[in-house]
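Single-structure report; data block below.
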Amino acid sequence: MHDTRRERSPLGRLLMLLAAALSALILVTTIGGWTAYEYFGAQIHRIRLGLGDDRPADAASGTRNFLLVGSDSRAGTGGEYESQGVVTDERSDTTMLAHLDADGTTTMVSFPRDTLVRIPGHGRGKLNSAITLGGPSLLIRTIENLTDIKIDHYVSIDLAGFKEMTDAVGGVTVCVKPLPGGGRSNLYDPWSQWRGRVGENRLSGEQALAFVRQRHGLPDNDFDRIRRQQQFIGAVFTQATSSGVLTNPVRLENLLRAATKALTVDDGTSINDLRALATRLRGMSADQIRFETIPVHAPTPAEGGNALGELPRFGSVQLYEPITLEKFLAPLRGRPSRAGVPAVSPSPTVPPAKVAVDVYNGAGVSGLATSAAAALERAGFQVGPARTWRAGVLRTTQVRYHPGAADAARTVQAAVPGSRLQQDAAVPAGRVSLVLGTTFEVDTIAVAATSAGAPAGPSAGAAVPATATAPTAPAATATEITSRCTY
């Protein structure tokens, strides 16, 4: 069945933020007028966030993290992109983290829209539904919960503004390569209205929008769409910093006007913050901006996925493996990970079938240990009767093990995302004790892959499996992305 919302969703609008912020700096610096500064700053829509106090620690001094979001709002488009009815809910169909490190590097990290994540207060769901359920605040909390990276600034851009900004820089050129076997589905998409040709394509606002929206007809679906978006932002960056734009006051002002009308930022983000981003971008070459995508993969049959890579209840999703994701994110934090995030450790070597586990309810939630024990049995473990933890309520799930049984404990930890290892001489030799904390969720128990062989068996509803994740593509610079062709 087609997901009509997905097919209508415009993807990639947020990418214009970089050009918008750059133009803000250039125009304000060129004009040097306080009136102009105040005027354009007042055009940006601001929202108040409610994020609470339980947030990741601040990054190193000099580091800033912008969450860039493509808003699904059709305001100002006259309904022209609502091919199968009005879209009433907002979706964050494109989500990127712009990480401006203190060392001068800039990394743009893409989060696939269908990544299955924990949404605080709502259980598991696709990443792009977080903003629908609780607005930008919930989306930020979801990203922070996933990454343990504190978001300093929130910026979104809507569909109408995307078109206007692309036109304001005079359009951009992208390159499309032929499909294997000579197909043409990547050149004609009835959903996004993209019409293109193999080779270079000069895009106006309308066709730029269609280019980054296309999902169907591409060999790797969402991932090819992300590659298109990344190529496009590289092209926009190059175009916006070209001499033709920099020396054209009219084009600069048009870009700034379009950007400020389209942007929504949190009330803690000032035009000075956007200028800071612009200053960073203006002072670096395209070779210094790196693009990456978090490592995810489609669910396998061992993880409960069907032949189409879909999970019951959720449909088509992308899953991540905690240790692999931790390795990917650690360099972006610039500090140790939070307590409760599993430390990066060697892959477990003991198959689940050889691990005996006793499950204790340390969360005070009725029936939790029984449900967890059943899920662990489905994952291939030897599981004893569910028990109650008598030493008080715990927040973080613990994997307790007898000295000398660390290998077996790591297999359990790999199957229980968010758990921590703890040596305990009171645990009987030959067994591992899993003590469930209040943050534990049964449906995140995953099949535990080991270096000794394949997973022992399926785990129903495994959301964050510890199975083989498709290799992450190496980071690419804006120059590399702009100079290569994509499907």
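Just so we're on the same page: first chain in the structure tokens is A, next is B, and so on; residues restart at 1 for each chain, and ligands are numbered from 1 in the order they show up.
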Neighbours of Leu133 (chain A) within 12 Å (only C-alpha atoms; same-chain residues fewer than 3 positions away dropped), as a ChimeraX atom specification? /A:89-92,119-130,136-139,142
Go ahead and write the residues just picked, N, CA and C atoms, as a PDB file, in the first residue's frame.
ATOM      1  N   ASP A  89      -1.486  17.812   9.233  1.00  0.00           N
ATOM      2  CA  ASP A  89      -0.460  17.630  10.250  1.00  0.00           C
ATOM      3  C   ASP A  89       0.885  18.101   9.742  1.00  0.00           C
ATOM      4  N   GLU A  90       1.690  18.640  10.670  1.00  0.00           N
ATOM      5  CA  GLU A  90       3.052  19.026  10.321  1.00  0.00           C
ATOM      6  C   GLU A  90       3.958  17.824  10.510  1.00  0.00           C
ATOM      7  N   ARG A  91       4.880  17.642   9.605  1.00  0.00           N
ATOM      8  CA  ARG A  91       5.834  16.543   9.696  1.00  0.00           C
ATOM      9  C   ARG A  91       7.238  17.069   9.480  1.00  0.00           C
ATOM     10  N   SER A  92       8.181  16.488  10.203  1.00  0.00           N
ATOM     11  CA  SER A  92       9.585  16.868  10.016  1.00  0.00           C
ATOM     12  C   SER A  92      10.216  15.858   9.071  1.00  0.00           C
ATOM     13  N   ILE A 119      10.025   8.019  21.336  1.00  0.00           N
ATOM     14  CA  ILE A 119       9.512   9.379  21.427  1.00  0.00           C
ATOM     15  C   ILE A 119       9.056   9.597  22.862  1.00  0.00           C
ATOM     16  N   PRO A 120       9.717  10.455  23.612  1.00  0.00           N
ATOM     17  CA  PRO A 120       9.396  10.617  25.040  1.00  0.00           C
ATOM     18  C   PRO A 120       7.907  10.790  25.302  1.00  0.00           C
ATOM     19  N   GLY A 121       7.384   9.921  26.160  1.00  0.00           N
ATOM     20  CA  GLY A 121       5.977   9.988  26.523  1.00  0.00           C
ATOM     21  C   GLY A 121       5.037   9.326  25.546  1.00  0.00           C
ATOM     22  N   HIS A 122       5.562   8.796  24.434  1.00  0.00           N
ATOM     23  CA  HIS A 122       4.697   8.213  23.399  1.00  0.00           C
ATOM     24  C   HIS A 122       5.162   6.836  22.938  1.00  0.00           C
ATOM     25  N   GLY A 123       6.170   6.268  23.552  1.00  0.00           N
ATOM     26  CA  GLY A 123       6.673   4.976  23.108  1.00  0.00           C
ATOM     27  C   GLY A 123       7.460   5.097  21.819  1.00  0.00           C
ATOM     28  N   ARG A 124       7.431   4.028  21.037  1.00  0.00           N
ATOM     29  CA  ARG A 124       8.200   4.024  19.795  1.00  0.00           C
ATOM     30  C   ARG A 124       7.369   4.562  18.628  1.00  0.00           C
ATOM     31  N   GLY A 125       8.056   5.167  17.696  1.00  0.00           N
ATOM     32  CA  GLY A 125       7.402   5.673  16.500  1.00  0.00           C
ATOM     33  C   GLY A 125       8.433   6.160  15.510  1.00  0.00           C
ATOM     34  N   LYS A 126       7.973   6.492  14.312  1.00  0.00           N
ATOM     35  CA  LYS A 126       8.888   7.031  13.312  1.00  0.00           C
ATOM     36  C   LYS A 126       9.314   8.443  13.707  1.00  0.00           C
ATOM     37  N   LEU A 127      10.556   8.763  13.419  1.00  0.00           N
ATOM     38  CA  LEU A 127      11.103  10.055  13.817  1.00  0.00           C
ATOM     39  C   LEU A 127      10.243  11.214  13.325  1.00  0.00           C
ATOM     40  N   ASN A 128       9.747  11.127  12.099  1.00  0.00           N
ATOM     41  CA  ASN A 128       9.035  12.280  11.547  1.00  0.00           C
ATOM     42  C   ASN A 128       7.666  12.498  12.174  1.00  0.00           C
ATOM     43  N   SER A 129       7.223  11.586  13.036  1.00  0.00           N
ATOM     44  CA  SER A 129       5.931  11.776  13.701  1.00  0.00           C
ATOM     45  C   SER A 129       6.067  12.544  15.007  1.00  0.00           C
ATOM     46  N   ALA A 130       7.292  12.736  15.498  1.00  0.00           N
ATOM     47  CA  ALA A 130       7.475  13.393  16.791  1.00  0.00           C
ATOM     48  C   ALA A 130       6.920  14.812  16.773  1.00  0.00           C
ATOM     49  N   PRO A 136       7.756  21.098  17.828  1.00  0.00           N
ATOM     50  CA  PRO A 136       9.221  21.144  17.804  1.00  0.00           C
ATOM     51  C   PRO A 136       9.867  20.718  19.119  1.00  0.00           C
ATOM     52  N   SER A 137       9.224  21.016  20.242  1.00  0.00           N
ATOM     53  CA  SER A 137       9.811  20.646  21.535  1.00  0.00           C
ATOM     54  C   SER A 137       9.987  19.131  21.638  1.00  0.00           C
ATOM     55  N   LEU A 138       8.967  18.383  21.232  1.00  0.00           N
ATOM     56  CA  LEU A 138       9.060  16.927  21.319  1.00  0.00           C
ATOM     57  C   LEU A 138      10.067  16.382  20.317  1.00  0.00           C
ATOM     58  N   LEU A 139      10.153  16.998  19.144  1.00  0.00           N
ATOM     59  CA  LEU A 139      11.152  16.562  18.173  1.00  0.00           C
ATOM     60  C   LEU A 139      12.558  16.756  18.736  1.00  0.00           C
ATOM     61  N   THR A 142      13.259  14.201  21.342  1.00  0.00           N
ATOM     62  CA  THR A 142      13.478  12.888  20.718  1.00  0.00           C
ATOM     63  C   THR A 142      14.897  12.787  20.164  1.00  0.00           C
TER      64      THR A 142
END
Excluding same-chain residues fewer than 5 positions from Glu310 (chain A), what lies within 8 Å of it counting only C-alpha atoms, as a ChimeraX atom specification? /A:298-299,305,315-317
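Of note, CA of Leu311 (chain A) and CA of Ser185 (chain A) are spaced 26.6 Å apart.
Omitting Cys485 (chain A) and its sequence neighbours fewer than 4 positions away, and counting only C-alpha atoms, the residues within 10 Å are Val174, Cys175, Val176, Lys177, Pro178, Val198, Gly199, Glu200, Arg227, Arg228, Gln231, Glu480 and Ile481 of chain A.
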Can you pull out the residues contacting Thr63 (chain A)? Cut-off 12 Å, using only C-alpha atoms, and skip same-chain residues under 3 positions away; I want them as number ranges by chain. A: 58-60, 66, 98-107, 149-153, 276-277, 280, 332-335
Could you state the separation of CA of Thr115 (chain A) and CA of Asn65 (chain A) in Å, given to one decimal place?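 Going from CA of Thr115 (chain A) over to CA of Asn65 (chain A) covers 20.4 Å.
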If you run DSSP on the backbone here, which positions in region 271-454 of chain A get helix (DSSP H, G or I)? Please write them as a PyMOL selection string. chain A and resi 271-282+286-288+301-303+322-333+352-354+368-378+406-415+442-444
CA of Ser433 (chain A) and CA of Gly384 (chain A), how far apart in Å?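 Taking CA of Gly384 (chain A) as the start and CA of Ser433 (chain A) as the end point, the length is 9.9 Å.
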Give me the residues within 12 Å of Asn186 (chain A) as an mmCIF file with N, CA and C atoms, in the first residue's frame, counting only C-alpha atoms and dropping any in the same chain fewer than 6 places off.
data_model
loop_
_atom_site.group_PDB
_atom_site.id
_atom_site.type_symbol
_atom_site.label_atom_id
_atom_site.label_comp_id
_atom_site.auth_asym_id
_atom_site.auth_seq_id
_atom_site.Cartn_x
_atom_site.Cartn_y
_atom_site.Cartn_z
ATOM 1 N N CYS A 175 23.400 17.155 -10.859
ATOM 2 C CA CYS A 175 23.740 16.140 -11.852
ATOM 3 C C CYS A 175 23.035 14.828 -11.521
ATOM 4 N N VAL A 176 22.369 14.243 -12.497
ATOM 5 C CA VAL A 176 21.639 12.992 -12.328
ATOM 6 C C VAL A 176 22.296 11.920 -13.179
ATOM 7 N N LYS A 177 22.551 10.763 -12.579
ATOM 8 C CA LYS A 177 23.160 9.661 -13.328
ATOM 9 C C LYS A 177 22.100 8.644 -13.743
ATOM 10 N N PRO A 178 22.369 7.873 -14.788
ATOM 11 C CA PRO A 178 21.373 6.913 -15.274
ATOM 12 C C PRO A 178 21.193 5.758 -14.306
ATOM 13 N N LEU A 179 19.992 5.204 -14.295
ATOM 14 C CA LEU A 179 19.713 4.036 -13.463
ATOM 15 C C LEU A 179 20.355 2.793 -14.056
ATOM 16 N N PRO A 180 20.735 1.843 -13.217
ATOM 17 C CA PRO A 180 21.224 0.566 -13.739
ATOM 18 C C PRO A 180 20.138 -0.091 -14.594
ATOM 19 N N SER A 192 6.137 13.797 -7.023
ATOM 20 C CA SER A 192 6.819 15.058 -6.724
ATOM 21 C C SER A 192 6.764 16.028 -7.901
ATOM 22 N N GLN A 193 6.396 15.512 -9.090
ATOM 23 C CA GLN A 193 6.374 16.293 -10.328
ATOM 24 C C GLN A 193 7.774 16.628 -10.830
ATOM 25 N N TRP A 194 8.761 15.823 -10.427
ATOM 26 C CA TRP A 194 10.118 16.024 -10.928
ATOM 27 C C TRP A 194 10.209 15.571 -12.377
ATOM 28 N N ARG A 195 10.801 16.405 -13.211
ATOM 29 C CA ARG A 195 11.079 16.072 -14.611
ATOM 30 C C ARG A 195 12.541 16.435 -14.857
ATOM 31 N N GLY A 196 13.341 15.465 -15.222
ATOM 32 C CA GLY A 196 14.750 15.742 -15.407
ATOM 33 C C GLY A 196 15.354 14.936 -16.532
ATOM 34 N N ARG A 197 16.653 14.990 -16.635
ATOM 35 C CA ARG A 197 17.381 14.253 -17.658
ATOM 36 C C ARG A 197 18.703 13.793 -17.072
ATOM 37 N N VAL A 198 19.291 12.812 -17.699
ATOM 38 C CA VAL A 198 20.609 12.342 -17.275
ATOM 39 C C VAL A 198 21.625 13.448 -17.562
ATOM 40 N N ALA A 210 10.836 19.690 -6.412
ATOM 41 C CA ALA A 210 10.492 18.354 -6.891
ATOM 42 C C ALA A 210 11.698 17.425 -6.811
ATOM 43 N N PHE A 211 12.880 17.943 -7.121
ATOM 44 C CA PHE A 211 14.107 17.135 -7.111
ATOM 45 C C PHE A 211 14.380 16.562 -5.731
ATOM 46 N N VAL A 212 14.270 17.382 -4.681
ATOM 47 C CA VAL A 212 14.580 16.890 -3.337
ATOM 48 C C VAL A 212 13.407 16.164 -2.699
ATOM 49 N N ARG A 213 12.221 16.242 -3.301
ATOM 50 C CA ARG A 213 11.059 15.536 -2.759
ATOM 51 C C ARG A 213 10.990 14.095 -3.234
ATOM 52 N N GLN A 214 11.525 13.780 -4.429
ATOM 53 C CA GLN A 214 11.301 12.457 -4.992
ATOM 54 C C GLN A 214 11.835 11.366 -4.080
ATOM 55 N N ARG A 215 11.020 10.344 -3.917
ATOM 56 C CA ARG A 215 11.394 9.181 -3.118
ATOM 57 C C ARG A 215 11.186 7.894 -3.913
ATOM 58 N N HIS A 216 10.023 7.768 -4.535
ATOM 59 C CA HIS A 216 9.725 6.577 -5.334
ATOM 60 C C HIS A 216 10.446 6.664 -6.676
ATOM 61 N N GLY A 217 10.841 5.512 -7.173
ATOM 62 C CA GLY A 217 11.548 5.467 -8.441
ATOM 63 C C GLY A 217 13.052 5.565 -8.287
ATOM 64 N N LEU A 218 13.523 5.738 -7.053
ATOM 65 C CA LEU A 218 14.968 5.769 -6.791
ATOM 66 C C LEU A 218 15.395 4.414 -6.242
ATOM 67 N N PRO A 219 16.553 3.906 -6.637
ATOM 68 C CA PRO A 219 16.956 2.552 -6.244
ATOM 69 C C PRO A 219 17.001 2.343 -4.731
ATOM 70 N N ASP A 220 17.450 3.360 -3.985
ATOM 71 C CA ASP A 220 17.612 3.215 -2.546
ATOM 72 C C ASP A 220 16.637 4.100 -1.778
ATOM 73 N N ASN A 221 15.523 4.456 -2.402
ATOM 74 C CA ASN A 221 14.432 5.184 -1.766
ATOM 75 C C ASN A 221 14.896 6.373 -0.932
ATOM 76 N N ASP A 224 18.619 7.473 -1.269
ATOM 77 C CA ASP A 224 18.928 8.223 -2.485
ATOM 78 C C ASP A 224 18.362 9.636 -2.399
ATOM 79 N N ARG A 225 17.212 9.779 -1.749
ATOM 80 C CA ARG A 225 16.641 11.108 -1.573
ATOM 81 C C ARG A 225 17.553 11.957 -0.680
ATOM 82 N N ARG A 228 20.364 13.130 -2.723
ATOM 83 C CA ARG A 228 19.946 14.262 -3.541
ATOM 84 C C ARG A 228 19.958 15.562 -2.724
ATOM 85 N N THR A 486 23.986 11.979 -8.687
ATOM 86 C CA THR A 486 23.189 11.091 -7.869
ATOM 87 C C THR A 486 22.039 10.571 -8.729
ATOM 88 N N TYR A 487 21.387 9.528 -8.247
ATOM 89 C CA TYR A 487 20.180 9.063 -8.929
ATOM 90 C C TYR A 487 19.081 10.077 -8.671
#
Have a look at A:Thr438, A:Asn254, A:Ser371, A:Thr349 and name the one nearest to Thr411 (chain A); count only C-alpha atoms. A:Thr349
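When only C-alpha atoms are used to compute distances to Phe381 (chain A), the closest of the residues A:Pro417, A:Arg400, A:Ile445, A:Ala405 turns out to be A:Ile445.
Closest approach to Pro331 (chain A) among A:Thr166, A:Gln43, A:Asp148, A:Ile131: A:Asp148, based on only C-alpha atoms.
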